[in-house]
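Here's the structure, in structure tokens; my notes come after.
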Amino acid sequence: MAAKDNMKMAHDMESMDHDMSGDTMMHGGHMMHMGNLKQKFWVALILTIPVILLTPMMGLDLPFQFTFPGSDWLVLIVATFLFIYGGKPFLQGAQMELTERKPAMMTLIALGISVAYIYSVWAFIANHFLSTVPHQMDFFWELATLITIMLLGHWLEMNAISSAGSAVEKMAALLPGQAHVLQADGSLQDIELAALQAQQQVVVKAGEKIPADGRVVAGQSAVNEALVTGEAKLIEKTPGAQVIGGAVNGTGTLTIEVTGTGETGYLSQVMKLVQQAQQHKSQAENLADKVAGWLFYAATIIGLVTFIVWLSLSGLNVALERTVTVLVIACPHALGLAIPLVVARSTALGATHGLLLRNRNALEAAKQIDTVLMDKTGTLTEGNFKVKSVVAFDQESQDDILRLMAALEANASHPLAVGILAAAKAKKLVLPTATDVKQLSGVGLQGRIDQVDYAIVTAAYLQQKQLDFEQTVYDELAAQGNSISFLLRGEQVLGLIAQGDQIKLNAADFIQHLKVRGIRPVMLTGDNQAAAALVAQQLGIDDFHAQLLPEDKTKMVAQYQAQGQRVLMVGDGINDAPSLAAAEIGVAIGAGTDVAIDSADVVLVRSDPADIINFLNLAQRTMRKMVQNLWWGAGYNIVALPLAAGILAPIGVLLSPAVGAVLMSLSTIVVAINALTLKLK
């Protein structure tokens, strides 16, 4: 079963790579291939130029246009190529929408370009071979410009939105291609990762990537799990320790019994969550599709009525011209650009202000956010811990406590370890060598010094194990906002180190801004209750949770969502990816790993919590522009379609094709200008 899981995972990755080779978009739950939109757009743009120069716009001759013998044949050939090459993605999309009985943007575009092309070919034949009088007007100008503008809109859309592929590719790259499987005779056999099974033993040599989740059965080494967990860079691994697939082995050699492969592996589970979170369709895009669907039905009905009425009044030629005018005017030039232009502008604007918008859904979800969950350390505080106090409870001196704890933390890089090591270095203490050091998840670490077992733990651990310690001293130091780490020898508490962190300068203003918006700030921390309470009090946070384990973050997101809250989660590291994916909006701080950044909806480049306020402001303004553009994009049709149909013809008001084309162009220009006026402040 494990081998099957691994093979399925490999197949999924291969399929994803194939999908990313061209532009694709989610449509009705299906992946729709658009081809290379960038290439199609540039080819269409180049070919549109001669069409614009050689053919009138809905019968309106422009000053820069000209003709020459055979120019109309050139236009026919170019327009035919444009229709087949540039129009293919829209025709395929329309086919999918009609199959699902949900006509939307693709169907409306396909209707416009098909009617324009077919009628124009008929007009060409009538003018050149049937000698029809009067001269029949063609719509090659409208065909070319519509295809080019729609390709531009969808290309902008592809560039502006985030794809799960980037994050998943980076995650998959963390795993090696092969594994060294230990055989019964002690030899090694290299096998493909897809064939690896649980309970097999693999050997990981120095510098190699660990191929799967497992348990160390022999050997000792320092493992770099930073890319996988976002935690300490070097973690000692000895027999019995757990390892995660994708981590990088240090200088030693490890023999590992595989416990998780394929779909059961940690990375694979995270990849699934990230993919699911990234494949939702934009609500604004859904709205644009709905508007396009309504326009499709409106244009079809109005076109049919127009044909019947004008056929009875003025004959076939006039009826066809009026009907085609209605259907071509309904083409969503402006509507197709309404959302992509705003998203592109918003993305660029965010980047210049330290915000990377990776998921357009985040812009729309922002208005519903009423709860922000955030870590204390590194988000609200600087994350630079300094030793404020060293207390010895037994015969050891303060320097002994500091020396022993520094020895255990020698290969760690988390903020508390950095502070302890800095204090030991400042005192020029000579550190003993610690062996068999391993992490105690959410608690601390343990190891051996001079054949004696020591551990660095939290107060919660001591309380859980019912070990006695100086509660009064602890309460006093914790009440000052310090993070407290205890040193154990066996089950005897030898002493503690109290470390203080600095609150970020703009953290209080950030919390106040959230409250003004009606958003509840919630602080999450693995620190002690007293230290968390002090920071919460200083910042004005009423809701906080202390002494949390890393895996508790996802539970906290689910807990608030169960209360009907819309959650924005701030985190970093791959271990945060599930909680980032579970929240309505996931925000990664810039100091996080590449994978955490790729799996988030928004990235704070400057790791400044105040930028969350900038994001909320940008989202609010972006949504306002989207709604305005949808009205501009579709609003002109509300007026133009009935006029083109001739509803006011009895009183002498009839929208000519040329005026309709001008209105169509003006709405496109207004949409573009409106998008460009989007500002953050």
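In the structure tokens, the first chain shown is A, the next is B, and so on; residue numbers restart at 1 for each chain, and ligands run from 1 in the order shown.
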
*asked:* Env of range 40-52 of chain A: 10 Å cut, atoms = only C-alpha atoms, seq-sep filter 4 positions within chain, self excluded. Answer as number ranges by chain.
replied: A: 34-36, 56-57, 62, 64-66, 71-72, 74-76, 78-79, 81-83, 85-87, 89, 140-155

Expected file: the selected residues, C-alpha atoms, as a compact mmCIF listing (two decimals), in the first residue's frame:
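Produced file selection-v6.txt, reproduced below:
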# COMPACT_ATOMS: atom_id res chain seq x y z
CA MET A 34 -5.60 27.82 -22.16
CA GLY A 35 -2.40 27.21 -24.10
CA ASN A 36 0.44 29.70 -23.85
CA PRO A 56 -13.25 50.14 -40.64
CA MET A 57 -14.61 49.98 -37.09
CA LEU A 62 -10.81 56.27 -39.15
CA PHE A 64 -5.26 56.44 -40.15
CA GLN A 65 -6.89 53.65 -42.14
CA PHE A 66 -6.08 52.84 -45.76
CA SER A 71 -6.11 44.29 -48.76
CA ASP A 72 -9.54 42.85 -48.03
CA LEU A 74 -5.31 39.94 -46.46
CA VAL A 75 -7.76 40.95 -43.73
CA LEU A 76 -9.83 37.82 -44.35
CA VAL A 78 -5.43 37.26 -40.95
CA ALA A 79 -8.86 37.32 -39.29
CA PHE A 81 -6.04 32.76 -38.42
CA LEU A 82 -6.89 34.95 -35.42
CA PHE A 83 -10.27 33.30 -35.01
CA TYR A 85 -5.56 30.43 -33.18
CA GLY A 86 -6.50 33.18 -30.74
CA GLY A 87 -10.12 32.21 -30.31
CA PRO A 89 -9.25 28.82 -25.78
CA PHE A 140 -13.28 41.96 -38.68
CA TRP A 141 -12.11 44.99 -36.65
CA GLU A 142 -14.28 43.95 -33.70
CA LEU A 143 -13.24 40.30 -34.04
CA ALA A 144 -9.52 41.09 -33.89
CA THR A 145 -9.72 43.57 -31.02
CA LEU A 146 -12.01 41.37 -28.94
CA ILE A 147 -9.72 38.33 -29.22
CA THR A 148 -6.62 40.40 -28.41
CA ILE A 149 -8.17 42.16 -25.42
CA MET A 150 -9.59 38.92 -24.02
CA LEU A 151 -6.23 37.19 -24.35
CA LEU A 152 -4.63 40.14 -22.54
CA GLY A 153 -7.20 39.93 -19.76
CA HIS A 154 -6.69 36.23 -19.19
CA TRP A 155 -2.89 36.55 -19.40

*Within range 271-400 of chain A, find each residue whose DSSP state, derived from the backbone, is helix (DSSP H, G or I), and express the selection as number ranges by chain.*
A: 271-278, 283-314, 316-329, 333-352, 361-368, 398-400

Tell me which protein, DNA and RNA residues are within 10 Å of range 309-319 of chain A, counting only C-alpha atoms, leaving out same-chain ones fewer than 2 positions away, and put them as an mmCIF file with N, CA, C and O atoms, in the first residue's frame.
data_model
loop_
_atom_site.group_PDB
_atom_site.id
_atom_site.type_symbol
_atom_site.label_atom_id
_atom_site.label_comp_id
_atom_site.auth_asym_id
_atom_site.auth_seq_id
_atom_site.Cartn_x
_atom_site.Cartn_y
_atom_site.Cartn_z
ATOM 1 N N THR A 132 -23.814 42.276 -53.830
ATOM 2 C CA THR A 132 -24.965 42.724 -53.048
ATOM 3 C C THR A 132 -24.984 44.245 -52.924
ATOM 4 O O THR A 132 -23.946 44.884 -52.747
ATOM 5 N N VAL A 133 -26.168 44.807 -53.029
ATOM 6 C CA VAL A 133 -26.349 46.248 -52.860
ATOM 7 C C VAL A 133 -27.377 46.450 -51.728
ATOM 8 O O VAL A 133 -28.460 45.849 -51.778
ATOM 9 N N PRO A 134 -27.091 47.282 -50.716
ATOM 10 C CA PRO A 134 -25.849 48.058 -50.580
ATOM 11 C C PRO A 134 -24.682 47.192 -50.092
ATOM 12 O O PRO A 134 -24.868 46.018 -49.782
ATOM 13 N N GLN A 136 -22.183 45.357 -47.873
ATOM 14 C CA GLN A 136 -22.373 44.763 -46.554
ATOM 15 C C GLN A 136 -21.188 45.086 -45.627
ATOM 16 O O GLN A 136 -20.027 44.908 -45.993
ATOM 17 N N GLY A 303 -31.234 39.736 -29.368
ATOM 18 C CA GLY A 303 -30.841 39.501 -30.760
ATOM 19 C C GLY A 303 -31.925 38.786 -31.537
ATOM 20 O O GLY A 303 -32.219 39.130 -32.696
ATOM 21 N N LEU A 304 -32.543 37.784 -30.920
ATOM 22 C CA LEU A 304 -33.609 37.026 -31.580
ATOM 23 C C LEU A 304 -34.824 37.923 -31.845
ATOM 24 O O LEU A 304 -35.394 37.913 -32.946
ATOM 25 N N VAL A 305 -35.211 38.703 -30.835
ATOM 26 C CA VAL A 305 -36.350 39.609 -30.999
ATOM 27 C C VAL A 305 -36.047 40.650 -32.071
ATOM 28 O O VAL A 305 -36.897 40.989 -32.915
ATOM 29 N N THR A 306 -34.779 41.155 -32.042
ATOM 30 C CA THR A 306 -34.365 42.156 -33.032
ATOM 31 C C THR A 306 -34.482 41.602 -34.449
ATOM 32 O O THR A 306 -34.993 42.283 -35.360
ATOM 33 N N PHE A 307 -34.016 40.377 -34.646
ATOM 34 C CA PHE A 307 -34.059 39.765 -35.980
ATOM 35 C C PHE A 307 -35.505 39.622 -36.461
ATOM 36 O O PHE A 307 -35.823 39.957 -37.618
ATOM 37 N N GLU A 321 -28.008 42.707 -40.076
ATOM 38 C CA GLU A 321 -27.066 43.729 -39.625
ATOM 39 C C GLU A 321 -27.397 44.196 -38.214
ATOM 40 O O GLU A 321 -26.518 44.333 -37.370
ATOM 41 N N ARG A 322 -28.694 44.442 -37.935
ATOM 42 C CA ARG A 322 -29.077 44.894 -36.596
ATOM 43 C C ARG A 322 -28.813 43.807 -35.557
ATOM 44 O O ARG A 322 -28.348 44.077 -34.448
ATOM 45 N N THR A 323 -29.106 42.556 -35.913
ATOM 46 C CA THR A 323 -28.910 41.449 -34.973
ATOM 47 C C THR A 323 -27.434 41.250 -34.650
ATOM 48 O O THR A 323 -27.047 41.081 -33.482
ATOM 49 N N VAL A 324 -26.611 41.271 -35.702
ATOM 50 C CA VAL A 324 -25.173 41.106 -35.488
ATOM 51 C C VAL A 324 -24.621 42.275 -34.673
ATOM 52 O O VAL A 324 -23.755 42.097 -33.809
ATOM 53 N N THR A 325 -25.124 43.484 -34.947
ATOM 54 C CA THR A 325 -24.695 44.651 -34.167
ATOM 55 C C THR A 325 -24.993 44.443 -32.685
ATOM 56 O O THR A 325 -24.153 44.729 -31.821
ATOM 57 N N ALA A 645 -30.778 47.403 -30.698
ATOM 58 C CA ALA A 645 -31.905 46.613 -31.199
ATOM 59 C C ALA A 645 -32.954 47.494 -31.865
ATOM 60 O O ALA A 645 -33.757 47.010 -32.659
ATOM 61 N N GLY A 646 -32.956 48.804 -31.536
ATOM 62 C CA GLY A 646 -33.905 49.727 -32.164
ATOM 63 C C GLY A 646 -35.139 49.990 -31.355
ATOM 64 O O GLY A 646 -36.190 50.330 -31.912
#

*Quick one: residues within 8 Å of Leu404 in chain A, only C-alpha atoms counted, chain neighbours fewer than 2 positions away excluded, as a list in words?*
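Residues meeting the cut-off are Asp400, Ile401, Leu402, Ala406, Ala407, Leu408, Leu431, Pro432 and Ile449 of chain A.
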
Filtering to N, CA and C atoms, could you give me those residues as an mmCIF file, in the first residue's frame?
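Output saved as again-v3.cif:
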data_model
loop_
_atom_site.group_PDB
_atom_site.id
_atom_site.type_symbol
_atom_site.label_atom_id
_atom_site.label_comp_id
_atom_site.auth_asym_id
_atom_site.auth_seq_id
_atom_site.Cartn_x
_atom_site.Cartn_y
_atom_site.Cartn_z
ATOM 1 N N ASP A 400 27.135 27.795 36.543
ATOM 2 C CA ASP A 400 26.956 26.368 36.214
ATOM 3 C C ASP A 400 25.638 26.156 35.462
ATOM 4 N N ILE A 401 24.577 26.817 35.952
ATOM 5 C CA ILE A 401 23.271 26.689 35.283
ATOM 6 C C ILE A 401 23.378 27.196 33.845
ATOM 7 N N LEU A 402 23.997 28.358 33.673
ATOM 8 C CA LEU A 402 24.124 28.949 32.342
ATOM 9 C C LEU A 402 24.995 28.080 31.446
ATOM 10 N N ALA A 406 23.624 26.230 28.126
ATOM 11 C CA ALA A 406 24.254 26.640 26.864
ATOM 12 C C ALA A 406 24.827 25.433 26.131
ATOM 13 N N ALA A 407 25.383 24.476 26.888
ATOM 14 C CA ALA A 407 25.928 23.269 26.255
ATOM 15 C C ALA A 407 24.828 22.490 25.544
ATOM 16 N N LEU A 408 23.657 22.375 26.178
ATOM 17 C CA LEU A 408 22.545 21.659 25.558
ATOM 18 C C LEU A 408 22.014 22.398 24.328
ATOM 19 N N LEU A 431 32.210 25.724 27.588
ATOM 20 C CA LEU A 431 31.054 24.829 27.566
ATOM 21 C C LEU A 431 31.488 23.376 27.460
ATOM 22 N N PRO A 432 30.882 22.482 28.256
ATOM 23 C CA PRO A 432 31.133 21.049 28.082
ATOM 24 C C PRO A 432 30.430 20.552 26.825
ATOM 25 N N ILE A 449 25.458 15.160 29.469
ATOM 26 C CA ILE A 449 26.708 15.876 29.687
ATOM 27 C C ILE A 449 27.487 15.127 30.758
#

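The two atoms in question, CA of Thr379 in chain A and CA of Asp543 in chain A, are spaced 15.9 Å apart.
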
*All strand (DSSP E or B) residues (DSSP, backbone) inside range 430-531 of chain A, as an MDAnalysis selection string*: chainID A and resid 434:440 444:449 452:457 483:489 492:500 503 520:524

_Contacts of Ile673 in chain A at 12 Å (only C-alpha atoms; same-chain gap of 3+ positions) as number ranges by chain_ = A: 334, 337-338, 341-342, 345, 625, 628-629, 632, 666-670, 676-678

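Candidate residues A:Ser483, A:Gln242, A:Thr67, A:Thr300 were compared for distance to Val328 in chain A, and the nearest is A:Thr300, using only C-alpha atoms.
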
*Neighbour list for Gly207 in chain A as an MDAnalysis selection string, cut-off 7 Å, only C-alpha atoms, skip fewer than 4 positions in-chain*: chainID A and resid 248:251

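For Ala110 in chain A, the residues within 9 Å (counting only C-alpha atoms, excluding itself and residues fewer than 5 positions away along the chain) are A:Gly87, A:Phe90, A:Leu91, A:Gln92, A:Gly93, A:Ala94, A:Met105, A:Val115, A:Cys331.
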
*Would you please work out which residue, of A:Arg215, A:Arg624, A:Lys679, A:Arg489, is nearest to Val457 in chain A when using only C-alpha atoms?*
A:Arg489

*What gap, in Å, lies between CA of Gly383 in chain A and CA of Val602 in chain A?*
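The value is 21.3 Å.
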
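With only C-alpha atoms as the atoms that count, the residue of A:Gln559, A:Ser485, A:Ser389, A:Gln463 with the shortest distance to Thr371 in chain A is A:Gln559.
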
*asked:* Between CA of Leu616 in chain A and CA of Ala531 in chain A, what is the distance in Å, rounded to a tenth?
replied: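 Taking CA of Leu616 in chain A as the start and CA of Ala531 in chain A as the end point, the length is 29.4 Å.
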